[in-house]
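Text of query18.cif (mmCIF, C-alpha atoms and all ligand atoms) as supplied:
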data_model
loop_
_atom_site.group_PDB
_atom_site.id
_atom_site.type_symbol
_atom_site.label_atom_id
_atom_site.label_comp_id
_atom_site.auth_asym_id
_atom_site.auth_seq_id
_atom_site.Cartn_x
_atom_site.Cartn_y
_atom_site.Cartn_z
ATOM 1 C CA MET A 15 0.000 0.000 0.000
ATOM 2 C CA LYS A 16 1.350 3.426 -0.971
ATOM 3 C CA ILE A 17 0.672 6.357 1.331
ATOM 4 C CA PHE A 18 0.481 9.934 0.038
ATOM 5 C CA THR A 19 0.190 13.151 2.018
ATOM 6 C CA LYS A 20 0.851 15.557 -0.853
ATOM 7 C CA THR A 21 -1.885 16.188 -3.394
ATOM 8 C CA ASN A 22 0.418 16.903 -6.359
ATOM 9 C CA LYS A 23 2.457 13.725 -5.682
ATOM 10 C CA LEU A 24 -0.728 11.640 -5.683
ATOM 11 C CA ILE A 25 -2.009 13.242 -8.903
ATOM 12 C CA GLN A 26 1.361 12.600 -10.549
ATOM 13 C CA TYR A 27 1.421 8.975 -9.366
ATOM 14 C CA LEU A 28 -2.134 8.358 -10.586
ATOM 15 C CA SER A 29 -1.315 9.606 -14.099
ATOM 16 C CA GLN A 30 0.227 6.176 -14.847
ATOM 17 C CA TYR A 31 -3.252 4.584 -14.710
ATOM 18 C CA LYS A 32 -4.834 5.013 -18.110
ATOM 19 C CA SER A 33 -7.269 2.133 -18.516
ATOM 20 C CA GLU A 34 -7.518 0.683 -14.983
ATOM 21 C CA SER A 35 -10.736 1.116 -13.021
ATOM 22 C CA ILE A 36 -10.244 3.188 -9.879
ATOM 23 C CA GLY A 37 -12.421 2.804 -6.803
ATOM 24 C CA PHE A 38 -12.425 5.613 -4.247
ATOM 25 C CA VAL A 39 -13.607 5.539 -0.630
ATOM 26 C CA PRO A 40 -13.545 8.972 1.071
ATOM 27 C CA THR A 41 -13.447 8.796 4.881
ATOM 28 C CA MET A 42 -12.680 10.886 7.934
ATOM 29 C CA GLY A 43 -10.786 7.987 9.523
ATOM 30 C CA ALA A 44 -11.431 6.091 12.784
ATOM 31 C CA LEU A 45 -12.333 3.278 10.430
ATOM 32 C CA HIS A 46 -14.942 0.725 11.510
ATOM 33 C CA ASN A 47 -16.666 -2.218 9.845
ATOM 34 C CA GLY A 48 -18.934 0.150 7.920
ATOM 35 C CA HIS A 49 -15.922 1.706 6.201
ATOM 36 C CA ILE A 50 -14.342 -1.727 5.749
ATOM 37 C CA SER A 51 -17.437 -2.950 3.883
ATOM 38 C CA LEU A 52 -17.104 0.006 1.455
ATOM 39 C CA ILE A 53 -13.374 -0.643 1.030
ATOM 40 C CA LYS A 54 -13.867 -4.375 0.432
ATOM 41 C CA ARG A 55 -16.515 -3.664 -2.165
ATOM 42 C CA SER A 56 -14.202 -1.243 -3.934
ATOM 43 C CA VAL A 57 -11.331 -3.759 -3.848
ATOM 44 C CA GLU A 58 -13.616 -6.398 -5.392
ATOM 45 C CA GLU A 59 -14.997 -4.119 -8.079
ATOM 46 C CA ASN A 60 -11.915 -2.145 -9.207
ATOM 47 C CA ASP A 61 -8.312 -2.611 -10.338
ATOM 48 C CA ILE A 62 -7.071 0.061 -7.926
ATOM 49 C CA THR A 63 -8.606 1.224 -4.633
ATOM 50 C CA ILE A 64 -7.846 4.606 -3.096
ATOM 51 C CA VAL A 65 -8.969 5.527 0.428
ATOM 52 C CA SER A 66 -8.704 9.069 1.777
ATOM 53 C CA ILE A 67 -8.566 10.002 5.441
ATOM 54 C CA PHE A 68 -9.267 13.675 6.004
ATOM 55 C CA VAL A 69 -11.227 15.212 8.859
ATOM 56 C CA ASN A 70 -12.699 17.982 6.763
ATOM 57 C CA PRO A 71 -12.949 21.187 8.818
ATOM 58 C CA THR A 72 -15.407 22.932 6.490
ATOM 59 C CA GLN A 73 -18.208 20.458 7.181
ATOM 60 C CA PHE A 74 -18.128 21.003 10.954
ATOM 61 C CA LEU A 75 -20.108 23.872 12.451
ATOM 62 C CA GLU A 76 -18.800 26.157 15.172
ATOM 63 C CA GLY A 77 -19.011 24.254 18.462
ATOM 64 C CA GLU A 78 -19.231 20.801 16.851
ATOM 65 C CA ASP A 79 -16.794 17.956 17.496
ATOM 66 C CA LEU A 80 -14.028 18.833 14.963
ATOM 67 C CA ASP A 81 -11.302 18.936 17.622
ATOM 68 C CA LYS A 82 -12.334 15.782 19.411
ATOM 69 C CA TYR A 83 -13.275 13.774 16.292
ATOM 70 C CA PRO A 84 -11.739 10.309 16.873
ATOM 71 C CA LYS A 85 -8.296 9.872 15.322
ATOM 72 C CA LYS A 86 -6.668 6.439 14.931
ATOM 73 C CA ILE A 87 -4.273 6.944 12.092
ATOM 74 C CA GLU A 88 -1.900 4.027 12.807
ATOM 75 C CA ALA A 89 -4.780 1.554 13.259
ATOM 76 C CA ASP A 90 -6.457 2.962 10.120
ATOM 77 C CA LYS A 91 -3.301 2.350 8.072
ATOM 78 C CA LYS A 92 -3.275 -1.296 9.203
ATOM 79 C CA VAL A 93 -6.989 -1.702 8.428
ATOM 80 C CA CYS A 94 -6.496 -0.300 4.921
ATOM 81 C CA SER A 95 -3.449 -2.396 4.195
ATOM 82 C CA PHE A 96 -5.201 -5.542 5.455
ATOM 83 C CA ALA A 97 -8.326 -4.788 3.410
ATOM 84 C CA GLY A 98 -6.285 -4.582 0.188
ATOM 85 C CA VAL A 99 -6.180 -0.810 -0.328
ATOM 86 C CA ASP A 100 -3.613 0.211 -2.964
ATOM 87 C CA ILE A 101 -3.330 3.900 -2.157
ATOM 88 C CA LEU A 102 -4.023 5.757 1.087
ATOM 89 C CA PHE A 103 -4.282 9.536 0.863
ATOM 90 C CA ILE A 104 -3.868 11.438 4.150
ATOM 91 C CA PRO A 105 -3.622 15.120 3.262
ATOM 92 C CA THR A 106 -3.249 18.035 5.653
ATOM 93 C CA LYS A 107 -5.735 20.901 5.577
ATOM 94 C CA GLU A 108 -3.155 22.992 3.663
ATOM 95 C CA GLU A 109 -3.007 20.361 0.894
ATOM 96 C CA ILE A 110 -6.755 20.628 0.319
ATOM 97 C CA TYR A 111 -7.655 24.256 1.004
ATOM 98 C CA PHE A 112 -6.354 27.574 -0.308
ATOM 99 C CA GLU A 113 -6.481 31.218 0.753
ATOM 100 C CA ASP A 114 -9.713 33.049 -0.103
ATOM 101 C CA GLU A 115 -11.350 30.075 -1.818
ATOM 102 C CA LEU A 116 -14.370 30.342 -4.067
ATOM 103 C CA SER A 117 -17.557 29.700 -2.104
ATOM 104 C CA PHE A 118 -19.410 26.495 -2.358
ATOM 105 C CA ILE A 119 -23.135 26.393 -1.593
ATOM 106 C CA ALA A 120 -25.211 23.238 -1.369
ATOM 107 C CA PRO A 121 -28.620 23.250 -3.128
ATOM 108 C CA LYS A 122 -30.757 25.932 -1.459
ATOM 109 C CA THR A 123 -33.616 23.559 -0.644
ATOM 110 C CA LYS A 124 -32.353 19.994 -0.378
ATOM 111 C CA GLY A 125 -29.057 21.085 1.152
ATOM 112 C CA PHE A 126 -30.793 22.997 3.940
ATOM 113 C CA ILE A 127 -33.499 20.621 5.159
ATOM 114 C CA LEU A 128 -33.113 17.884 7.777
ATOM 115 C CA GLU A 129 -29.327 17.531 8.374
ATOM 116 C CA GLY A 130 -28.811 20.779 6.486
ATOM 117 C CA TYR A 131 -31.369 22.567 8.659
ATOM 118 C CA HIS A 132 -29.900 21.356 11.935
ATOM 119 C CA ARG A 133 -26.316 21.744 10.692
ATOM 120 C CA PRO A 134 -26.572 24.793 8.385
ATOM 121 C CA GLY A 135 -23.601 24.931 6.023
ATOM 122 C CA HIS A 136 -22.599 21.316 6.718
ATOM 123 C CA PHE A 137 -23.329 20.208 3.167
ATOM 124 C CA ASN A 138 -21.473 23.188 1.673
ATOM 125 C CA GLY A 139 -18.346 21.740 3.259
ATOM 126 C CA VAL A 140 -19.176 18.125 2.395
ATOM 127 C CA LEU A 141 -19.750 18.857 -1.292
ATOM 128 C CA GLN A 142 -16.714 21.138 -1.463
ATOM 129 C CA VAL A 143 -14.357 18.468 -0.119
ATOM 130 C CA VAL A 144 -15.964 15.575 -1.995
ATOM 131 C CA LEU A 145 -15.613 17.461 -5.297
ATOM 132 C CA LYS A 146 -11.959 18.234 -4.528
ATOM 133 C CA LEU A 147 -11.239 14.607 -3.584
ATOM 134 C CA LEU A 148 -12.993 13.320 -6.711
ATOM 135 C CA ASN A 149 -11.000 15.744 -8.865
ATOM 136 C CA ILE A 150 -7.768 14.567 -7.259
ATOM 137 C CA THR A 151 -8.471 10.834 -7.463
ATOM 138 C CA LYS A 152 -10.566 10.776 -10.689
ATOM 139 C CA PRO A 153 -12.259 7.500 -9.781
ATOM 140 C CA THR A 154 -14.399 5.255 -11.948
ATOM 141 C CA ASN A 155 -16.495 4.335 -8.894
ATOM 142 C CA ALA A 156 -16.850 6.212 -5.593
ATOM 143 C CA TYR A 157 -18.330 4.483 -2.557
ATOM 144 C CA PHE A 158 -20.724 6.139 -0.086
ATOM 145 C CA GLY A 159 -22.763 4.626 2.747
ATOM 146 C CA LYS A 160 -26.549 4.857 2.957
ATOM 147 C CA LYS A 161 -26.316 5.875 6.618
ATOM 148 C CA ASP A 162 -25.552 9.424 5.486
ATOM 149 C CA ALA A 163 -28.544 9.269 3.170
ATOM 150 C CA GLN A 164 -28.860 12.996 2.526
ATOM 151 C CA GLN A 165 -25.116 13.285 1.864
ATOM 152 C CA LEU A 166 -25.390 10.405 -0.604
ATOM 153 C CA TYR A 167 -28.359 12.065 -2.333
ATOM 154 C CA LEU A 168 -26.544 15.422 -2.583
ATOM 155 C CA VAL A 169 -23.321 13.859 -3.861
ATOM 156 C CA LYS A 170 -25.299 12.078 -6.596
ATOM 157 C CA LYS A 171 -27.059 15.341 -7.433
ATOM 158 C CA MET A 172 -23.698 17.124 -7.685
ATOM 159 C CA ILE A 173 -22.274 14.395 -9.946
ATOM 160 C CA LYS A 174 -25.280 14.705 -12.261
ATOM 161 C CA GLU A 175 -25.467 18.495 -12.322
ATOM 162 C CA LEU A 176 -21.722 19.039 -12.778
ATOM 163 C CA PHE A 177 -21.667 16.350 -15.501
ATOM 164 C CA LEU A 178 -18.992 14.321 -13.728
ATOM 165 C CA ASN A 179 -18.338 10.915 -15.214
ATOM 166 C CA ILE A 180 -18.183 9.003 -11.921
ATOM 167 C CA ASN A 181 -20.381 6.147 -10.770
ATOM 168 C CA ILE A 182 -21.583 6.573 -7.192
ATOM 169 C CA VAL A 183 -21.984 3.223 -5.466
ATOM 170 C CA GLU A 184 -24.557 3.180 -2.654
ATOM 171 C CA CYS A 185 -23.477 0.883 0.171
ATOM 172 C CA GLU A 186 -25.685 -0.712 2.823
ATOM 173 C CA ILE A 187 -25.651 0.408 6.453
ATOM 174 C CA VAL A 188 -23.578 -1.866 8.686
ATOM 175 C CA ARG A 189 -24.951 -2.411 12.201
ATOM 176 C CA ASP A 190 -23.481 -3.820 15.412
ATOM 177 C CA GLU A 191 -24.955 -6.758 17.349
ATOM 178 C CA SER A 192 -27.547 -4.451 18.926
ATOM 179 C CA ALA A 193 -28.523 -3.096 15.465
ATOM 180 C CA LEU A 194 -26.952 0.311 16.164
ATOM 181 C CA ALA A 195 -25.695 1.740 12.854
ATOM 182 C CA LEU A 196 -21.898 1.886 12.894
ATOM 183 C CA SER A 197 -20.478 5.391 13.113
ATOM 184 C CA SER A 198 -17.139 6.792 14.267
ATOM 185 C CA ARG A 199 -19.175 8.908 16.701
ATOM 186 C CA ASN A 200 -20.402 5.754 18.504
ATOM 187 C CA GLU A 201 -16.998 5.905 20.206
ATOM 188 C CA TYR A 202 -18.252 8.827 22.278
ATOM 189 C CA LEU A 203 -21.024 6.696 23.835
ATOM 190 C CA THR A 204 -20.688 5.270 27.338
ATOM 191 C CA SER A 205 -22.021 1.733 27.775
ATOM 192 C CA ALA A 206 -25.198 3.121 29.386
ATOM 193 C CA GLU A 207 -25.658 5.475 26.428
ATOM 194 C CA LYS A 208 -25.119 2.579 24.008
ATOM 195 C CA GLU A 209 -28.057 0.831 25.695
ATOM 196 C CA ARG A 210 -30.208 3.930 25.267
ATOM 197 C CA ALA A 211 -29.085 4.376 21.646
ATOM 198 C CA LYS A 212 -30.645 1.001 20.774
ATOM 199 C CA SER A 213 -34.040 2.669 20.728
ATOM 200 C CA ILE A 214 -33.027 4.383 17.462
ATOM 201 C CA PRO A 215 -32.733 1.199 15.336
ATOM 202 C CA ASN A 216 -35.637 -0.270 17.329
ATOM 203 C CA SER A 217 -37.850 2.633 16.293
ATOM 204 C CA LEU A 218 -36.987 2.044 12.631
ATOM 205 C CA LYS A 219 -37.669 -1.668 13.019
ATOM 206 C CA LYS A 220 -41.048 -0.808 14.510
ATOM 207 C CA ALA A 221 -41.770 1.393 11.479
ATOM 208 C CA THR A 222 -40.994 -1.439 9.038
ATOM 209 C CA GLU A 223 -43.219 -3.795 11.027
ATOM 210 C CA LEU A 224 -46.104 -1.320 10.790
ATOM 211 C CA ILE A 225 -45.540 -0.872 7.069
ATOM 212 C CA SER A 226 -45.463 -4.621 6.501
ATOM 213 C CA LYS A 227 -48.856 -4.771 8.261
ATOM 214 C CA GLY A 228 -50.192 -2.230 5.740
ATOM 215 C CA GLU A 229 -49.796 1.092 7.585
ATOM 216 C CA LEU A 230 -48.769 3.687 4.997
ATOM 217 C CA SER A 231 -49.584 6.982 6.734
ATOM 218 C CA SER A 232 -46.412 8.956 7.448
ATOM 219 C CA VAL A 233 -48.076 10.801 10.352
ATOM 220 C CA LYS A 234 -49.007 7.550 12.091
ATOM 221 C CA ILE A 235 -45.640 5.941 11.476
ATOM 222 C CA LYS A 236 -43.787 9.015 12.765
ATOM 223 C CA LYS A 237 -45.942 8.950 15.919
ATOM 224 C CA GLU A 238 -45.038 5.313 16.556
ATOM 225 C CA ILE A 239 -41.354 6.010 15.962
ATOM 226 C CA ALA A 240 -41.515 8.889 18.465
ATOM 227 C CA LYS A 241 -43.096 6.581 21.065
ATOM 228 C CA THR A 242 -40.261 4.070 20.662
ATOM 229 C CA LEU A 243 -37.530 6.710 20.936
ATOM 230 C CA ILE A 244 -37.171 6.671 24.692
ATOM 231 C CA GLU A 245 -34.325 8.257 26.669
ATOM 232 C CA VAL A 246 -32.931 10.005 23.609
ATOM 233 C CA LYS A 247 -33.507 13.616 22.566
ATOM 234 C CA VAL A 248 -35.117 13.493 19.135
ATOM 235 C CA GLU A 249 -34.009 16.155 16.684
ATOM 236 C CA TYR A 250 -36.130 15.007 13.764
ATOM 237 C CA ILE A 251 -38.108 12.070 12.454
ATOM 238 C CA GLU A 252 -38.894 12.401 8.768
ATOM 239 C CA ILE A 253 -40.209 10.337 5.901
ATOM 240 C CA VAL A 254 -39.034 11.296 2.425
ATOM 241 C CA ASP A 255 -38.814 9.821 -1.037
ATOM 242 C CA ARG A 256 -35.443 8.961 -2.579
ATOM 243 C CA ASP A 257 -35.178 12.561 -3.842
ATOM 244 C CA PHE A 258 -35.750 13.907 -0.358
ATOM 245 C CA ASN A 259 -39.276 15.184 -0.963
ATOM 246 C CA LYS A 260 -41.505 14.852 2.120
ATOM 247 C CA LEU A 261 -43.990 11.979 1.822
ATOM 248 C CA GLU A 262 -47.496 11.908 3.338
ATOM 249 C CA GLN A 263 -47.858 8.247 2.390
ATOM 250 C CA ILE A 264 -45.160 5.578 2.242
ATOM 251 C CA GLU A 265 -44.242 4.652 -1.330
ATOM 252 C CA LEU A 266 -42.865 1.131 -1.335
ATOM 253 C CA GLY A 267 -39.477 1.089 -3.079
ATOM 254 C CA ASN A 268 -39.155 4.883 -2.920
ATOM 255 C CA THR A 269 -39.066 5.813 0.771
ATOM 256 C CA ILE A 270 -36.420 6.655 3.346
ATOM 257 C CA ILE A 271 -37.346 6.996 7.017
ATOM 258 C CA LEU A 272 -34.822 9.163 8.850
ATOM 259 C CA VAL A 273 -34.106 9.782 12.509
ATOM 260 C CA ALA A 274 -31.641 12.153 14.189
ATOM 261 C CA ALA A 275 -31.321 12.124 17.965
ATOM 262 C CA TYR A 276 -28.959 13.016 20.762
ATOM 263 C CA VAL A 277 -27.899 10.320 23.180
ATOM 264 C CA GLY A 278 -26.325 12.361 25.949
ATOM 265 C CA THR A 279 -24.183 14.846 24.033
ATOM 266 C CA THR A 280 -23.652 12.565 21.035
ATOM 267 C CA ARG A 281 -25.703 13.228 17.937
ATOM 268 C CA LEU A 282 -26.605 10.088 16.000
ATOM 269 C CA ILE A 283 -28.411 9.629 12.692
ATOM 270 C CA ASP A 284 -29.967 6.509 11.255
ATOM 271 C CA ASN A 285 -32.416 5.568 8.536
ATOM 272 C CA ILE A 286 -34.107 2.774 6.745
ATOM 273 C CA TRP A 287 -34.860 2.446 3.035
ATOM 274 C CA ILE A 288 -38.317 1.051 2.306
HETATM 275 O O1 LIG B 1 -19.089 10.685 5.245
HETATM 276 C C1 LIG B 1 -17.969 11.154 5.568
HETATM 277 O O2 LIG B 1 -17.184 10.527 6.262
HETATM 278 C C2 LIG B 1 -17.589 12.551 5.095
HETATM 279 O O3 LIG B 1 -18.697 13.388 5.049
HETATM 280 C C3 LIG B 1 -16.841 12.545 3.761
HETATM 281 C C4 LIG B 1 -17.696 12.009 2.632
HETATM 282 C C5 LIG B 1 -15.573 11.728 3.880
HETATM 283 C C6 LIG B 1 -16.443 13.979 3.385
HETATM 284 O O4 LIG B 1 -15.630 14.555 4.349
#
Would you give me this structure, written as structure tokens?
Ligand code: PAF
Amino acid sequence: MKIFTKTNKLIQYLSQYKSESIGFVPTMGALHNGHISLIKRSVEENDITIVSIFVNPTQFLEGEDLDKYPKKIEADKKVCSFAGVDILFIPTKEEIYFEDELSFIAPKTKGFILEGYHRPGHFNGVLQVVLKLLNITKPTNAYFGKKDAQQLYLVKKMIKELFLNINIVECEIVRDESALALSSRNEYLTSAEKERAKSIPNSLKKATELISKGELSSVKIKKEIAKTLIEVKVEYIEIVDRDFNKLEQIELGNTIILVAAYVGTTRLIDNIWI
């Protein structure tokens, strides 16, 4: 596995690949089994796999966890090497950002609802860094998890609207034994909080059970989800279609049910695709 910290060195190195397929997995490190599933898929589906580790400052709001975001760089290197990664890119902030950069604004509607409403400006930073990383790595396929469903939707929208010739591969959510969706932020949870966090996947399970019994009203399903979300502070429960339009009625094959909640001081998101 080759490790690069300099953007121009990586671009130069990648110029040797003319006809090989390149898979790219962007991450912020503290790699867990969710990331590993994306990496393994990329290794299977491409000639070359590139992983980036960059805790992107522009997607964190003032007062968020940028400074305490988990960092495990040596363990991450081992994970990548073991998973068959060819190239690991670990740039510094200075390698990615410039003085007085052009501004980057996420779509005015879809970038500022749900996650974008509660974290205003978050998606400006996500799209800015993802576009930069895609321009550096020029992948054939780029791998994103469904857990960050709105991020995935917005990245696909950007690819389409900027006419980028990159295939975005949507990867399934990976859960732990208690069904909690894997996230680097789970590391902040105490064992008591982990217990309480279980109500998040449980609430989504409850929603799927109701739907399988024929309940299609979003209002009723949201009420049931809210009842199941005990001992967590709910930020939002929403039901949208795959283009992030609010749904009054569940549309089978075109629905995402989303939850964001605080467990103690840790903010978790989860969702289920119906
Ligand atoms: O999902 C993430 O980890 C980040 O938002 C990403 C895509 C690596 C951009 O910083």
Atom pair atom CA of Gly125 of chain A + atom CA of Phe137 of chain A, distance 6.1 Å
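Between atom CA of Leu168 of chain A and atom CA of Ile53 of chain A there is a distance of 21.1 Å.
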List as a ChimeraX atom specification the protein and nucleic acid residues near segment 35-38 of chain A, meaning an atom at most 8 Å away when all atoms listed in the file are counted, but skip any in the same chain fewer than 2 places from it. /A:33,40,56-57,59-66,151-157
Is it possible to get the axis-aligned box enclosing ligand LIG 1 (chain B) (all listed atoms, 3 Å extra per side) as JSON, with centre and edge lengths in Å rounded to one decimal?
{"center_x": -17.3, "center_y": 12.5, "center_z": 4.4, "size_x": 9.5, "size_y": 10.0, "size_z": 9.6}
Neighbour list for Leu80 of chain A as a VMD selection string, cut-off 12 Å, only C-alpha atoms, skip fewer than 2 positions in-chain: chain A and resid 42 68 to 78 82 to 85 199
Create the file for the chosen residues now, containing C-alpha atoms and written as a PDB file, keeping the file's coordinate frame.
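Here's the written file selection12.pdb:
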ATOM      1  CA  MET A  42     -12.680  10.886   7.934  1.00  0.00           C
ATOM      2  CA  PHE A  68      -9.267  13.675   6.004  1.00  0.00           C
ATOM      3  CA  VAL A  69     -11.227  15.212   8.859  1.00  0.00           C
ATOM      4  CA  ASN A  70     -12.699  17.982   6.763  1.00  0.00           C
ATOM      5  CA  PRO A  71     -12.949  21.187   8.818  1.00  0.00           C
ATOM      6  CA  THR A  72     -15.407  22.932   6.490  1.00  0.00           C
ATOM      7  CA  GLN A  73     -18.208  20.458   7.181  1.00  0.00           C
ATOM      8  CA  PHE A  74     -18.128  21.003  10.954  1.00  0.00           C
ATOM      9  CA  LEU A  75     -20.108  23.872  12.451  1.00  0.00           C
ATOM     10  CA  GLU A  76     -18.800  26.157  15.172  1.00  0.00           C
ATOM     11  CA  GLY A  77     -19.011  24.254  18.462  1.00  0.00           C
ATOM     12  CA  GLU A  78     -19.231  20.801  16.851  1.00  0.00           C
ATOM     13  CA  LYS A  82     -12.334  15.782  19.411  1.00  0.00           C
ATOM     14  CA  TYR A  83     -13.275  13.774  16.292  1.00  0.00           C
ATOM     15  CA  PRO A  84     -11.739  10.309  16.873  1.00  0.00           C
ATOM     16  CA  LYS A  85      -8.296   9.872  15.322  1.00  0.00           C
ATOM     17  CA  ARG A 199     -19.175   8.908  16.701  1.00  0.00           C
TER      18      ARG A 199
END
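Closest approach to ligand LIG 1 (chain B) among A:Ile173, A:Ile244, A:Ile119, A:Leu145: A:Leu145, based on only C-alpha atoms and all ligand atoms.
For the residues A:Ser198, A:Thr19, A:Ser192, A:Ser29, ranking by smallest atom-to-atom distance to ligand LIG 1 (chain B) using only C-alpha atoms and all ligand atoms places A:Ser198 first.
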Using only C-alpha atoms - which residues lie no farther than 9 Å from the point (-34.9, 6.0, 24.6) in the file's frame? Write them as a PyMOL selection string. chain A and resi 209-214+241-247+277
Residue neighbourhood Ala163 of chain A, 10 Å, all atoms listed in the file, exclusion window fewer than 5 positions, as an NGL selection string: :A and (129 or 158 or 168-169 or 184 or 187 or 256 or 258 or 270-272 or 283-287)
Reference answer for the PyMOL selection byres (((chain A and resi 234) around 12) and not hetatm), as a PyMOL selection string: chain A and resi 220-221+224-225+228-233+235-241+251-253+262-264
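Between ligand LIG 1 (chain B) and the candidates A:Lys122, A:Lys23, A:Lys161, A:Lys219, the tightest atom-to-atom separation, counting all atoms listed in the file, involves A:Lys161.
One finds atom CA of Met172 of chain A at 27.9 Å from atom CA of Arg189 of chain A.
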For Lys107 of chain A, which residue out of A:Ile67, A:Ile182, A:Gly278, A:Gly43 is the nearest one, using only C-alpha atoms? A:Ile67
Matched chain/residue IDs from the PyMOL selection byres (((chain A and resi 118) around 8) and not hetatm), as number ranges by chain: A: 116-117, 119-120, 138-139, 141-142
For the structure shown, which residues end up in the PyMOL selection byres (((chain A and resi 101) around 6) and not hetatm)? Put them as a PyMOL selection string, please? chain A and resi 15-17+64+99-100+102
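Distance check against Val183 of chain A using only C-alpha atoms: of A:Leu52, A:Val273, A:Ile104, A:Val254, the minimum falls on A:Leu52.
Nearest-residue note for ligand LIG 1 (chain B): choosing from A:Tyr27, A:Phe126, A:Phe103, A:Phe96, the minimum distance belongs to A:Phe103, counting only C-alpha atoms and all ligand atoms.
Counting all atoms listed in the file, Glu108 of chain A has the following residues at most 10 Å away, ignoring those fewer than 5 positions along the same chain: Lys20, Thr21 and Glu113 of chain A.
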Convert the current residue selection to file output with C-alpha atoms, as a CSV table (one decimal), in the frame of the given file.
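Output contents, as saved in out.csv:
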chain,number,residue,atom,x,y,z
A,20,LYS,CA,0.9,15.6,-0.9
A,21,THR,CA,-1.9,16.2,-3.4
A,113,GLU,CA,-6.5,31.2,0.8
